[in-house]
file start_5.txt (compact mmCIF, C-alpha atoms)
# COMPACT_ATOMS: atom_id res chain seq x y z
CA MET V 148 73.06 19.28 8.61
CA SER V 149 70.46 21.47 7.08
CA ILE V 150 66.81 22.11 7.78
CA ARG V 151 64.09 21.45 5.30
CA CYS V 152 62.22 24.69 4.90
CA GLU V 153 58.81 25.17 3.35
CA ILE V 154 57.03 28.47 3.00
CA VAL V 155 53.46 28.38 1.77
CA THR V 156 50.63 30.87 1.51
CA GLN V 157 46.99 30.05 0.99
CA ASP V 158 47.30 30.37 -2.74
CA ARG V 159 50.81 29.15 -3.51
CA LYS V 160 54.11 27.72 -2.41
CA LEU V 161 56.87 30.28 -2.01
CA TYR V 162 59.84 28.14 -1.09
CA ASP V 163 60.68 24.52 -0.59
CA GLY V 164 64.26 23.58 -0.03
CA PRO V 165 67.15 23.23 2.39
CA ALA V 166 68.33 25.95 4.73
CA ASP V 167 71.18 26.40 7.19
CA MET V 168 69.44 29.11 9.11
CA ILE V 169 66.13 30.87 9.10
CA VAL V 170 65.36 34.24 10.59
CA ALA V 171 61.66 34.78 11.10
CA PRO V 172 59.65 37.71 12.47
CA GLY V 173 57.83 36.06 15.35
CA THR V 174 55.18 38.04 17.20
CA GLU V 175 57.33 37.86 20.32
CA GLY V 176 60.43 39.01 18.49
CA LEU V 177 62.82 38.06 15.75
CA MET V 178 63.79 34.38 15.86
CA GLY V 179 66.88 32.78 14.43
CA ILE V 180 66.41 29.09 13.83
CA LEU V 181 69.30 26.67 13.43
CA PRO V 182 69.14 22.91 12.92
CA ASN V 183 68.06 20.84 15.93
CA HIS V 184 65.94 23.60 17.33
CA ALA V 185 63.45 22.50 19.96
CA PRO V 186 59.92 21.97 18.61
CA LEU V 187 58.23 25.32 18.54
CA LEU V 188 55.06 26.85 17.26
CA SER V 189 54.77 30.58 16.92
CA THR V 190 52.67 33.15 15.16
CA LEU V 191 54.42 35.47 12.78
CA ASP V 192 54.36 39.21 12.62
CA PHE V 193 54.46 41.42 9.62
CA GLY V 194 58.07 41.41 8.42
CA VAL V 195 60.94 39.98 6.45
CA LEU V 196 61.80 36.31 6.64
CA THR V 197 65.32 35.26 5.70
CA VAL V 198 66.39 31.84 4.55
CA ARG V 199 70.15 31.30 4.50
CA TYR V 200 71.70 28.38 2.70
CA GLN V 201 75.39 27.97 1.90
CA GLY V 202 76.08 31.64 2.26
CA GLU V 203 73.17 32.68 0.02
CA GLU V 204 70.31 34.58 1.50
CA GLN V 205 66.77 34.59 0.22
CA LEU V 206 64.38 37.18 1.52
CA PHE V 207 60.60 36.92 1.74
CA THR V 208 58.05 39.36 3.00
CA VAL V 209 55.30 37.83 5.11
CA SER V 210 52.31 39.50 6.67
CA GLY V 211 51.36 37.29 9.55
CA GLY V 212 51.05 33.55 9.75
CA VAL V 213 52.30 30.60 11.71
CA ILE V 214 55.68 28.93 11.88
CA GLU V 215 56.24 25.37 12.99
CA VAL V 216 59.77 24.43 13.95
CA LEU V 217 60.87 20.82 14.26
CA PRO V 218 64.49 19.71 14.72
CA ASP V 219 64.88 18.98 11.02
CA ALA V 220 62.10 20.96 9.37
CA VAL V 221 60.54 24.38 9.38
CA THR V 222 57.12 25.06 7.97
CA VAL V 223 55.84 28.57 7.47
CA LEU V 224 52.14 29.14 6.84
CA ALA V 225 52.08 32.75 5.76
CA ASP V 226 48.88 34.74 5.38
CA SER V 227 50.38 36.39 2.37
CA GLY V 228 53.87 36.87 1.18
CA GLU V 229 56.24 37.11 -1.72
CA HIS V 230 59.83 36.55 -2.67
CA VAL V 231 61.82 39.73 -2.65
CA ALA V 232 62.63 39.35 -6.35
CA GLU V 233 58.93 39.63 -7.16
CA ILE V 234 58.72 43.06 -5.61
CA ASP V 235 58.43 45.91 -8.04
CA GLU V 236 60.30 48.62 -6.23
CA GLN V 237 58.94 51.47 -8.27
CA ARG V 238 55.39 50.33 -7.75
CA ALA V 239 55.97 49.92 -4.05
CA GLU V 240 57.50 53.39 -3.90
CA SER V 241 54.58 55.02 -5.69
CA ALA V 242 52.13 53.09 -3.51
CA ARG V 243 53.96 54.36 -0.45
CA ARG V 244 53.81 57.94 -1.66
CA ARG V 245 50.15 57.62 -2.48
CA ALA V 246 49.39 56.23 0.96
CA GLN V 247 51.37 59.02 2.61
CA GLU V 248 49.52 61.65 0.64
CA LEU V 249 46.20 60.13 1.60
CA LEU V 250 47.20 60.02 5.24
CA ALA V 251 48.36 63.64 5.08
CA LYS V 252 44.86 64.70 4.13
CA VAL V 253 43.83 63.68 7.64
CA PRO V 254 40.94 61.34 7.04
CA PRO V 255 38.89 60.45 10.11
CA PRO V 256 40.99 58.02 12.13
CA ASP V 257 39.64 54.63 13.18
CA THR V 258 37.55 54.27 10.06
CA ASP V 259 38.04 51.28 7.83
CA GLU V 260 39.45 53.53 5.17
CA TYR V 261 42.05 54.99 7.49
CA LEU V 262 43.11 51.55 8.64
CA ALA V 263 43.29 50.32 5.07
CA ILE V 264 45.56 53.20 4.07
CA GLN V 265 47.74 52.57 7.09
CA ALA V 266 47.99 48.90 6.24
CA SER V 267 48.88 49.77 2.67
CA LEU V 268 51.59 52.11 3.88
CA ARG V 269 53.03 49.46 6.15
CA ARG V 270 52.99 46.96 3.32
CA SER V 271 54.78 49.30 0.93
CA ASN V 272 57.38 50.17 3.56
CA LEU V 273 58.02 46.52 4.23
CA ARG V 274 58.35 45.76 0.54
CA LEU V 275 60.71 48.65 0.00
CA SER V 276 62.97 47.80 2.90
CA ALA V 277 63.09 44.15 1.84
CA ALA V 278 63.84 45.09 -1.75
CA ARG V 279 66.59 47.48 -0.69
CA LYS V 280 68.14 44.99 1.64
CA HIS V 281 68.10 42.50 -1.20
CA ARG V 282 69.66 44.92 -3.64
CA GLY V 283 72.36 45.98 -1.23
CA GLN V 284 73.29 42.40 -0.67
CA SER V 285 73.22 41.29 -4.27
CA LEU V 286 75.67 44.00 -5.35
CA PRO V 287 79.11 42.69 -6.21
CA ARG V 288 81.53 43.06 -3.34
CA GLY V 289 84.28 45.65 -3.28
CA ARG V 290 82.20 48.26 -5.05
CA PRO V 291 80.40 50.94 -3.14
CA PRO V 292 76.66 50.51 -3.18
CA GLU V 293 74.73 52.80 -5.47
CA SER V 294 73.28 55.88 -3.91
CA ARG V 295 69.85 55.21 -2.48
CA ASN V 296 67.08 57.71 -2.48
CA MET F 184 6.21 25.69 -46.79
CA ALA F 185 8.03 28.81 -45.58
CA SER F 186 9.31 31.15 -48.24
CA ALA F 187 13.00 31.21 -49.10
CA ARG F 188 13.38 34.60 -47.45
CA GLU F 189 11.93 33.46 -44.12
CA VAL F 190 14.14 30.40 -44.07
CA ARG F 191 17.19 32.51 -44.82
CA LEU F 192 16.43 34.72 -41.82
CA ARG F 193 16.09 31.70 -39.56
CA ILE F 194 19.38 30.29 -40.79
CA ARG F 195 21.08 33.52 -39.94
CA SER F 196 19.71 33.63 -36.39
CA VAL F 197 20.55 29.99 -35.76
CA LYS F 198 24.10 30.61 -36.92
CA ASN F 199 24.33 33.59 -34.59
CA ILE F 200 23.26 31.41 -31.70
CA ALA F 201 25.92 28.87 -32.62
CA GLN F 202 28.52 31.61 -32.58
CA VAL F 203 27.50 32.78 -29.12
CA THR F 204 27.39 29.29 -27.64
CA ARG F 205 30.73 28.46 -29.13
CA ALA F 206 32.26 31.57 -27.59
CA LEU F 207 30.81 30.65 -24.19
CA GLN F 208 32.21 27.16 -24.61
CA THR F 209 35.71 28.45 -25.29
CA ILE F 210 35.63 30.84 -22.34
CA SER F 211 34.44 28.12 -19.99
CA ALA F 212 37.13 25.75 -21.19
CA SER F 213 39.86 28.17 -20.19
CA ARG F 214 38.17 29.01 -16.88
CA VAL F 215 37.98 25.34 -15.92
CA ARG F 216 41.71 25.12 -16.23
CA LYS F 217 42.30 28.27 -14.25
CA ALA F 218 40.05 27.17 -11.41
CA GLN F 219 41.75 23.78 -11.33
CA GLU F 220 45.17 25.37 -11.14
CA ALA F 221 43.98 27.59 -8.31
CA VAL F 222 42.79 24.51 -6.41
CA LEU F 223 46.17 22.89 -6.87
CA ARG F 224 47.92 25.95 -5.54
CA THR F 225 46.02 25.72 -2.25
CA ARG F 226 47.06 22.13 -1.61
CA PRO F 227 50.50 22.79 -0.04
CA TYR F 228 49.02 25.13 2.58
CA ALA F 229 46.14 22.81 3.29
CA SER F 230 48.30 19.75 3.76
CA LYS F 231 50.82 21.63 5.89
CA ALA F 232 48.14 23.15 8.10
CA TRP F 233 46.57 19.73 8.45
CA GLN F 234 49.91 18.28 9.45
CA ILE F 235 50.42 20.88 12.15
CA LEU F 236 46.91 20.31 13.46
CA GLN F 237 47.67 16.62 13.67
CA HIS F 238 50.91 17.25 15.50
CA LEU F 239 48.91 19.32 17.92
CA SER F 240 46.36 16.62 18.49
CA TYR F 241 49.13 14.25 19.60
CA VAL F 242 49.66 16.48 22.57
CA PRO F 243 47.85 15.24 25.69
CA GLU F 244 44.22 16.34 25.75
CA GLY F 245 44.58 17.01 22.04
CA GLU F 246 40.90 16.61 21.38
CA ASN F 247 39.71 19.39 23.60
CA LEU F 248 42.25 21.90 22.49
CA HIS F 249 39.86 24.39 21.06
CA PRO F 250 36.11 25.10 20.87
CA LEU F 251 36.20 24.78 17.07
CA LEU F 252 37.36 21.18 17.47
CA ALA F 253 34.92 20.12 20.15
CA ALA F 254 31.82 18.22 19.11
CA ARG F 255 28.80 19.23 21.12
CA PRO F 256 26.60 16.73 22.91
CA THR F 257 23.48 18.32 21.42
CA VAL F 258 23.78 19.71 17.95
CA GLY F 259 20.79 22.04 17.85
CA ARG F 260 20.63 23.98 14.64
CA VAL F 261 22.64 22.96 11.58
CA LEU F 262 24.15 25.49 9.22
CA VAL F 263 24.60 24.54 5.58
CA VAL F 264 26.86 26.53 3.28
CA LEU F 265 25.45 25.89 -0.19
CA ILE F 266 27.72 26.79 -3.08
CA SER F 267 26.00 27.34 -6.41
CA SER F 268 26.66 29.76 -9.23
CA ASP F 269 25.38 33.22 -10.14
CA ARG F 270 24.76 32.39 -13.76
CA GLY F 271 22.77 29.80 -15.58
CA LEU F 272 23.42 28.16 -18.95
CA ALA F 273 25.43 25.52 -17.16
CA GLY F 274 23.34 22.43 -17.81
CA ALA F 275 22.14 20.71 -14.67
CA TYR F 276 24.97 22.09 -12.54
CA ASN F 277 22.89 24.29 -10.23
CA SER F 278 19.86 22.07 -9.97
CA ASN F 279 22.06 19.07 -9.13
CA VAL F 280 23.84 20.69 -6.21
CA ILE F 281 20.68 22.34 -4.89
CA ARG F 282 18.69 19.13 -5.09
CA PHE F 283 21.51 17.26 -3.39
CA SER F 284 21.57 19.64 -0.44
CA LEU F 285 17.77 19.68 -0.07
CA GLU F 286 17.62 15.90 -0.13
CA LYS F 287 20.48 15.47 2.28
CA PHE F 288 18.86 17.63 4.92
CA ARG F 289 15.23 16.78 4.19
CA ASN F 290 14.99 14.21 6.98
CA SER F 291 17.23 16.07 9.34
CA THR F 292 15.77 16.15 12.84
CA GLN F 293 17.57 19.40 13.54
CA PRO F 294 16.41 22.71 12.15
CA VAL F 295 18.54 23.78 9.18
CA SER F 296 19.77 27.26 8.27
CA TYR F 297 21.58 28.22 5.12
CA VAL F 298 24.38 30.43 3.93
CA ALA F 299 23.86 30.83 0.20
CA VAL F 300 26.89 31.33 -2.02
CA GLY F 301 25.72 32.06 -5.55
CA SER F 302 22.39 33.60 -6.51
CA LYS F 303 20.89 30.48 -8.12
CA GLY F 304 20.98 28.60 -4.84
CA ARG F 305 19.74 31.61 -2.93
CA ASP F 306 16.74 32.03 -5.22
CA VAL F 307 15.62 28.45 -4.72
CA LEU F 308 16.14 28.53 -0.94
CA HIS F 309 14.26 31.80 -0.80
CA ARG F 310 11.37 30.39 -2.79
CA LEU F 311 11.16 27.40 -0.48
CA GLY F 312 11.08 29.69 2.53
CA LYS F 313 14.29 28.33 4.07
CA ASP F 314 16.12 30.27 6.75
CA ILE F 315 18.97 32.09 5.01
CA ARG F 316 21.55 33.52 7.40
CA ALA F 317 23.74 35.18 4.82
CA GLU F 318 24.21 35.32 1.09
CA PHE F 319 27.28 35.83 -1.04
CA THR F 320 26.60 36.57 -4.67
CA ARG F 321 28.53 38.14 -7.50
CA LEU F 322 31.85 36.65 -6.52
CA PRO F 323 34.66 37.62 -8.88
CA ALA F 324 35.33 35.32 -11.82
CA GLU F 325 38.68 34.33 -10.36
CA PRO F 326 38.18 34.66 -6.62
CA GLU F 327 41.18 35.05 -4.37
CA PHE F 328 41.47 33.82 -0.84
CA MET F 329 40.55 37.24 0.52
CA ASP F 330 37.25 37.24 -1.39
CA ILE F 331 36.16 34.04 0.28
CA SER F 332 37.54 34.46 3.78
CA SER F 333 34.51 36.38 5.06
CA ILE F 334 32.26 33.40 4.31
CA GLY F 335 34.41 31.32 6.61
CA LEU F 336 34.25 33.98 9.31
CA ILE F 337 30.46 33.95 9.25
CA ALA F 338 30.40 30.19 9.62
CA ILE F 339 32.86 30.39 12.51
CA ASP F 340 30.89 33.18 14.20
CA GLU F 341 27.63 31.29 13.97
CA PHE F 342 29.29 28.20 15.37
CA ARG F 343 31.08 30.00 18.16
CA SER F 344 28.04 31.96 19.26
CA ARG F 345 26.28 28.60 19.59
CA ALA F 346 23.60 29.68 17.16
CA VAL F 347 24.41 26.47 15.31
CA GLY F 348 25.99 23.23 16.48
CA GLN F 349 27.34 21.99 13.16
CA VAL F 350 28.39 23.57 9.90
CA HIS F 351 28.19 21.59 6.69
CA LEU F 352 29.53 22.49 3.32
CA VAL F 353 27.66 21.50 0.15
CA TYR F 354 29.52 22.02 -3.10
CA THR F 355 30.27 20.33 -6.39
CA ASP F 356 33.41 18.29 -6.60
CA PHE F 357 35.18 18.50 -9.93
CA ILE F 358 36.08 14.99 -11.07
CA ASN F 359 36.68 15.57 -14.74
CA LEU F 360 35.22 17.58 -17.60
CA LEU F 361 32.27 15.24 -17.95
CA ARG F 362 31.66 14.40 -14.32
CA GLN F 363 30.95 16.72 -11.42
CA GLN F 364 29.73 15.32 -8.17
CA PRO F 365 27.67 17.23 -5.59
CA THR F 366 29.38 16.57 -2.27
CA SER F 367 29.00 17.54 1.34
CA LYS F 368 31.42 17.64 4.20
CA GLN F 369 31.39 18.76 7.77
CA LEU F 370 33.21 22.02 8.23
CA LEU F 371 32.75 22.55 11.97
CA PRO F 372 33.50 21.18 14.44
CA LEU F 373 36.65 20.14 12.68
CA GLU F 374 37.30 16.46 13.19
CA ILE F 375 40.94 15.59 13.58
CA GLY F 376 40.23 12.01 14.47
CA LEU F 377 43.41 10.03 14.23
CA THR F 378 42.03 7.47 11.86
CA GLU F 379 44.42 4.85 10.67
CA ALA F 380 45.09 6.34 7.26
CA ARG F 381 45.93 9.66 8.78
CA VAL F 382 48.26 8.12 11.33
CA GLN F 383 49.95 6.34 8.47
CA ALA F 384 50.41 9.51 6.50
CA PHE F 385 51.79 11.12 9.59
CA GLU F 386 54.33 8.42 10.35
CA ASP F 387 55.75 8.56 6.88
CA ARG F 388 57.33 11.81 7.87
CA PRO F 389 60.93 11.49 8.97
CA GLY F 390 61.35 12.30 12.63
CA SER F 391 58.90 11.50 15.36
CA PRO F 392 56.19 13.87 16.51
CA PRO F 393 57.43 16.11 19.26
CA ALA F 394 56.19 15.35 22.72
CA SER F 395 55.46 18.99 23.30
CA TYR F 396 55.95 22.28 21.65
CA ILE F 397 57.21 25.55 22.91
CA TYR F 398 54.34 27.91 22.25
CA GLU F 399 54.89 31.49 21.42
CA PRO F 400 52.45 33.12 22.16
CA ALA F 401 50.05 30.89 24.07
CA GLN F 402 48.76 27.67 22.56
CA GLU F 403 45.19 28.98 22.43
CA ALA F 404 46.03 31.88 20.16
CA LEU F 405 48.08 29.70 17.87
CA ILE F 406 45.50 27.02 17.41
CA GLU F 407 42.91 29.70 16.89
CA HIS F 408 45.02 31.22 14.14
CA ILE F 409 45.51 27.93 12.32
CA LEU F 410 41.96 26.69 12.75
CA VAL F 411 40.36 29.85 11.43
CA ARG F 412 42.57 29.83 8.36
CA PHE F 413 42.16 26.16 7.80
CA THR F 414 38.39 26.52 7.88
CA GLN F 415 38.52 29.41 5.46
CA LEU F 416 40.82 27.48 3.21
CA GLN F 417 38.45 24.52 3.07
CA LEU F 418 35.74 26.91 1.98
CA TYR F 419 38.02 28.49 -0.56
CA GLN F 420 38.85 25.10 -2.01
CA ALA F 421 35.16 24.21 -2.16
CA VAL F 422 34.42 27.43 -4.01
CA LEU F 423 37.20 26.76 -6.49
CA GLU F 424 36.09 23.16 -7.02
CA SER F 425 32.55 24.38 -7.59
CA LEU F 426 33.78 27.00 -10.00
CA ALA F 427 35.70 24.41 -12.00
CA SER F 428 32.57 22.24 -12.04
CA GLU F 429 30.36 25.11 -13.10
CA HIS F 430 32.56 25.94 -16.04
CA ALA F 431 32.95 22.32 -17.03
CA ALA F 432 29.17 21.88 -16.96
CA ARG F 433 28.71 25.06 -18.97
CA MET F 434 31.33 23.99 -21.46
CA VAL F 435 29.57 20.70 -22.12
CA ALA F 436 26.14 22.34 -22.26
CA MET F 437 27.37 24.92 -24.71
CA GLN F 438 29.10 22.30 -26.81
CA ASN F 439 25.78 20.48 -27.14
CA ALA F 440 24.04 23.72 -27.94
CA THR F 441 26.55 24.51 -30.65
CA GLU F 442 26.13 21.09 -32.19
CA ASN F 443 22.36 21.39 -32.11
CA ALA F 444 22.50 24.78 -33.73
CA LEU F 445 24.72 23.49 -36.49
CA ASP F 446 22.39 20.51 -37.09
CA LEU F 447 19.47 22.86 -37.21
CA SER F 448 21.18 25.16 -39.63
CA ALA F 449 22.06 22.21 -41.91
CA GLY F 450 18.41 21.16 -41.97
CA LEU F 451 17.30 24.70 -42.62
CA THR F 452 19.79 25.11 -45.45
CA LEU F 453 18.27 22.05 -47.11
CA GLU F 454 14.83 23.52 -46.65
CA TYR F 455 16.03 26.83 -48.04
CA ASN F 456 17.45 25.19 -51.15
CA LYS F 457 14.19 23.32 -51.69
CA ALA F 458 12.19 26.49 -51.29
CA ARG F 459 14.44 28.31 -53.69
CA GLN F 460 14.25 25.50 -56.26
CA LEU F 461 10.49 25.43 -55.90
CA ALA F 462 10.30 29.16 -56.55
CA ILE F 463 12.43 28.77 -59.69
CA THR F 464 10.33 25.85 -60.91
CA ASN F 465 7.16 27.83 -60.35
CA ASP F 466 8.57 30.79 -62.28
CA MET F 467 9.57 28.50 -65.14
CA LEU F 468 6.13 26.95 -65.17
CA ASP F 469 4.59 30.39 -65.29
CA ILE F 470 6.73 31.40 -68.23
CA ALA F 471 6.18 28.12 -70.05
CA GLY F 472 2.44 28.32 -69.36
CA GLY F 473 2.33 31.91 -70.61
CA ALA F 474 4.20 31.00 -73.80
CA GLU F 475 1.92 28.03 -74.36
CA ALA F 476 -1.13 30.23 -73.96
CA LEU F 477 0.27 32.75 -76.43
CA THR F 478 0.97 30.13 -79.11
CA LYS F 479 -2.52 28.69 -78.65
CA ALA F 480 -4.10 32.14 -78.98
CA THR F 481 -2.46 32.84 -82.36

call {"tool": "encode", "arguments": {"input": "start_5.txt", "output": "structure tokens"}}
result
Amino acid sequence: MSIRCEIVTQDRKLYDGPADMIVAPGTEGLMGILPNHAPLLSTLDFGVLTVRYQGEEQLFTVSGGVIEVLPDAVTVLADSGEHVAEIDEQRAESARRRAQELLAKVPPPDTDEYLAIQASLRRSNLRLSAARKHRGQSLPRGRPPESRN
Amino acid sequence: MASAREVRLRIRSVKNIAQVTRALQTISASRVRKAQEAVLRTRPYASKAWQILQHLSYVPEGENLHPLLAARPTVGRVLVVLISSDRGLAGAYNSNVIRFSLEKFRNSTQPVSYVAVGSKGRDVLHRLGKDIRAEFTRLPAEPEFMDISSIGLIAIDEFRSRAVGQVHLVYTDFINLLRQQPTSKQLLPLEIGLTEARVQAFEDRPGSPPASYIYEPAQEALIEHILVRFTQLQLYQAVLESLASEHAARMVAMQNATENALDLSAGLTLEYNKARQLAITNDMLDIAGGAEALTKAT
């Protein structure tokens, strides 16, 4: 038995298909959802959401949202998100560096600007870790993973 | 009759106008499509959020789950979010939606305040001395959800602070390229009445609605989260629908303008040819007359 899983954001649909297991970043902690889960509603934290189906894993980044779990269906309303394959690692890396440099200049904390830079840094970090996890997993087995910077 | 030179100048300017209007027409045509696609992309989220809200309202005491859902015994002030455009040259688009909203609330017994989206609507409301709570102008050509979400927050704030008892949305529904319909709907309080059609849609889903959910965190926070986003999304959809309508109206207006300009230039070309022929005839007559005079003189 599989779960029907739908992931949507306000401006598009990210995923619609079957899943054997879903791992979602709930605000109260990471949740693993298997078929026949009790009905549950939870808010989502900033993090990586994993959809596993027949041994294949698909990774999505989400930044907040709501998840509805029913015994046979899971619906994720994400505030924003993307499939890991859409992430441009180099861009994320340069964005991360830029944010770090800006933070290093010690702007006044608690201003909107400071918070925006922090959010941008968090976003880039999330993207990078998701992309790396994805890359590590998609490498053919039996070969050592490439060196990571 | 105007001289050939004057007519030629007019032809040139009319042709320039035709070129400009045709360019505007082409741009609008592509923007209509983009706005329509953007509307379609919001549908999955909207229908899913709606579904969850309905599941929630099956729970005992579903109607009084949240202040944003609760209708108030006395409405007090009404807030109207009027969506118009920043630019003109769109036929009757702006005047239609503005007139619609003014007529709809003309006989309202409650005082009415406005949130103006688009400078055309704001200008009219301002001229009429209406109470404008906020204005949003110069929205990007292809707005994203984030650009619109603050409008929703203002509506929610006004409603929550009890400054207003109802929030209505007035926008233009895109039906097709030739038809756009000014429409209004109630944004807050959100009505999740379980009307028959909605129950039907709900029961089509495999699996029965759960008797109760596990909430993580508390129910309040969750419903809050969904309701705020759902309200913002409704606004976002209305903005996109209006945008599609604006561009459709502009496309048709510019198409007419282009046709008129071409008609005009055809007429002027005829006039130019006549003027030119007349000038030639006059010259010939002069020469012939001169020659005649010379032969007579000798």

call {"tool": "atom_distance", "arguments": {"input": "start_5.txt", "atom1": "atom CA of Tyr276 of chain F", "atom2": "atom CA of Ala221 of chain F"}}
result
20.2 Å

call {"tool": "interface_residues", "arguments": {"input": "start_5.txt", "of": "chain V", "to": "chain F", "cutoff": "9 Å", "atoms": "all atoms listed in the file", "output": "ChimeraX atom specification"}}
result
/V:154-160,173-175,185-190,212-213,215-219,222-226

call {"tool": "atom_distance", "arguments": {"input": "start_5.txt", "atom1": "atom CA of Gly301 of chain F", "atom2": "atom CA of Gly348 of chain F"}}
result
23.7 Å

call {"tool": "closest_residue", "arguments": {"input": "start_5.txt", "among": "F:Pro365, F:Ser425, F:Thr204, F:Thr441", "to": "Pro326 of chain F", "atoms": "only C-alpha atoms"}}
result
F:Ser425

call {"tool": "residues_around", "arguments": {"input": "start_5.txt", "residues": "Ile315 of chain F", "least_positions_apart": "2", "cutoff": "7 Å", "atoms": "all atoms listed in the file", "output": "list in words"}}
result
Ser296, Tyr297, Val298, Ala299, Lys313 and Ala317 of chain F

call {"tool": "atom_distance", "arguments": {"input": "start_5.txt", "atom1": "atom CA of Gly202 of chain V", "atom2": "atom CA of Asp167 of chain V"}}
result
8.7 Å

call {"tool": "residues_near_point", "arguments": {"input": "start_5.txt", "point": "(61.3, 43.9, 4.7)", "cutoff": "8 Å", "atoms": "all atoms listed in the file", "output": "PyMOL selection string"}}
result
chain V and resi 194-196+207-208+272-278+280

call {"tool": "residues_around", "arguments": {"input": "start_5.txt", "residues": "segment 203-206 of chain V", "least_positions_apart": "4", "cutoff": "12 Å", "atoms": "only C-alpha atoms", "output": "compact mmCIF listing (two decimals) with C-alpha atoms, in the coordinates of the input"}}
result
# COMPACT_ATOMS: atom_id res chain seq x y z
CA CYS V 152 62.22 24.69 4.90
CA ILE V 154 57.03 28.47 3.00
CA LEU V 161 56.87 30.28 -2.01
CA TYR V 162 59.84 28.14 -1.09
CA ASP V 163 60.68 24.52 -0.59
CA GLY V 164 64.26 23.58 -0.03
CA PRO V 165 67.15 23.23 2.39
CA ALA V 166 68.33 25.95 4.73
CA ASP V 167 71.18 26.40 7.19
CA MET V 168 69.44 29.11 9.11
CA ILE V 169 66.13 30.87 9.10
CA VAL V 170 65.36 34.24 10.59
CA ALA V 171 61.66 34.78 11.10
CA PRO V 172 59.65 37.71 12.47
CA GLY V 194 58.07 41.41 8.42
CA VAL V 195 60.94 39.98 6.45
CA LEU V 196 61.80 36.31 6.64
CA THR V 197 65.32 35.26 5.70
CA VAL V 198 66.39 31.84 4.55
CA ARG V 199 70.15 31.30 4.50
CA GLY V 228 53.87 36.87 1.18
CA GLU V 229 56.24 37.11 -1.72
CA HIS V 230 59.83 36.55 -2.67
CA VAL V 231 61.82 39.73 -2.65
CA ALA V 232 62.63 39.35 -6.35
CA GLU V 233 58.93 39.63 -7.16
CA ILE V 234 58.72 43.06 -5.61
CA LEU V 273 58.02 46.52 4.23
CA ARG V 274 58.35 45.76 0.54
CA SER V 276 62.97 47.80 2.90
CA ALA V 277 63.09 44.15 1.84
CA ALA V 278 63.84 45.09 -1.75
CA ARG V 279 66.59 47.48 -0.69
CA LYS V 280 68.14 44.99 1.64
CA HIS V 281 68.10 42.50 -1.20
CA ARG V 282 69.66 44.92 -3.64
CA GLY V 283 72.36 45.98 -1.23
CA GLN V 284 73.29 42.40 -0.67
CA SER V 285 73.22 41.29 -4.27

call {"tool": "residues_around", "arguments": {"input": "start_5.txt", "residues": "segment 370-373 of chain F", "least_positions_apart": "6", "cutoff": "8 Å", "atoms": "all atoms listed in the file", "output": "PyMOL selection string"}}
result
chain F and resi 250-254+339+342+349-352+414+417

call {"tool": "residues_around", "arguments": {"input": "start_5.txt", "residues": "segment 454-459 of chain F", "least_positions_apart": "3", "cutoff": "8 Å", "atoms": "only C-alpha atoms", "output": "JSON, numbers by chain"}}
result
{"F": [184, 185, 186, 187, 190, 191, 450, 451, 462, 463]}

call {"tool": "residues_around", "arguments": {"input": "start_5.txt", "residues": "Ala218 of chain F", "least_positions_apart": "6", "cutoff": "7 Å", "atoms": "all atoms listed in the file", "output": "list in words"}}
result
Leu423, Leu426 and Ala427 of chain F

call {"tool": "closest_residue", "arguments": {"input": "start_5.txt", "among": "F:Ala480, F:Ala474, F:Ala346, F:Ala201", "to": "Gly259 of chain F", "atoms": "all atoms listed in the file"}}
result
F:Ala346

call {"tool": "closest_residue", "arguments": {"input": "start_5.txt", "among": "F:Thr355, F:Asn290, F:Gln460, F:Thr452", "to": "Ala432 of chain F", "atoms": "all atoms listed in the file"}}
result
F:Thr355

call {"tool": "residues_near_point", "arguments": {"input": "start_5.txt", "point": "(22.2, 25.5, 18.4)", "cutoff": "10 Å", "atoms": "all atoms listed in the file", "output": "list of chain:residue names"}}
result
F:Arg255, F:Thr257, F:Val258, F:Gly259, F:Arg260, F:Val261, F:Leu262, F:Gln293, F:Pro294, F:Glu341, F:Phe342, F:Arg343, F:Ser344, F:Arg345, F:Ala346, F:Val347, F:Gly348, F:Gln349

call {"tool": "build_atoms", "arguments": {"input": "start_5.txt", "residues": "segment 226-231 of chain V", "atoms": "N, CA and C atoms", "output": "short mmCIF file (atom, residue, chain, number, x, y, z; two decimals), keeping the file's coordinate frame"}}
result
data_model
loop_
_atom_site.label_atom_id
_atom_site.label_comp_id
_atom_site.auth_asym_id
_atom_site.auth_seq_id
_atom_site.Cartn_x
_atom_site.Cartn_y
_atom_site.Cartn_z
N ASP V 226 50.17 34.25 5.85
CA ASP V 226 48.88 34.74 5.38
C ASP V 226 48.99 35.33 3.99
N SER V 227 50.08 36.02 3.75
CA SER V 227 50.38 36.39 2.37
C SER V 227 51.85 36.71 2.37
N GLY V 228 52.44 36.64 1.21
CA GLY V 228 53.87 36.87 1.18
C GLY V 228 54.39 36.80 -0.23
N GLU V 229 55.63 37.19 -0.39
CA GLU V 229 56.24 37.11 -1.72
C GLU V 229 57.75 37.05 -1.57
N HIS V 230 58.38 36.55 -2.62
CA HIS V 230 59.83 36.55 -2.67
C HIS V 230 60.26 37.96 -3.02
N VAL V 231 61.40 38.35 -2.48
CA VAL V 231 61.82 39.73 -2.65
C VAL V 231 62.03 40.08 -4.13
#
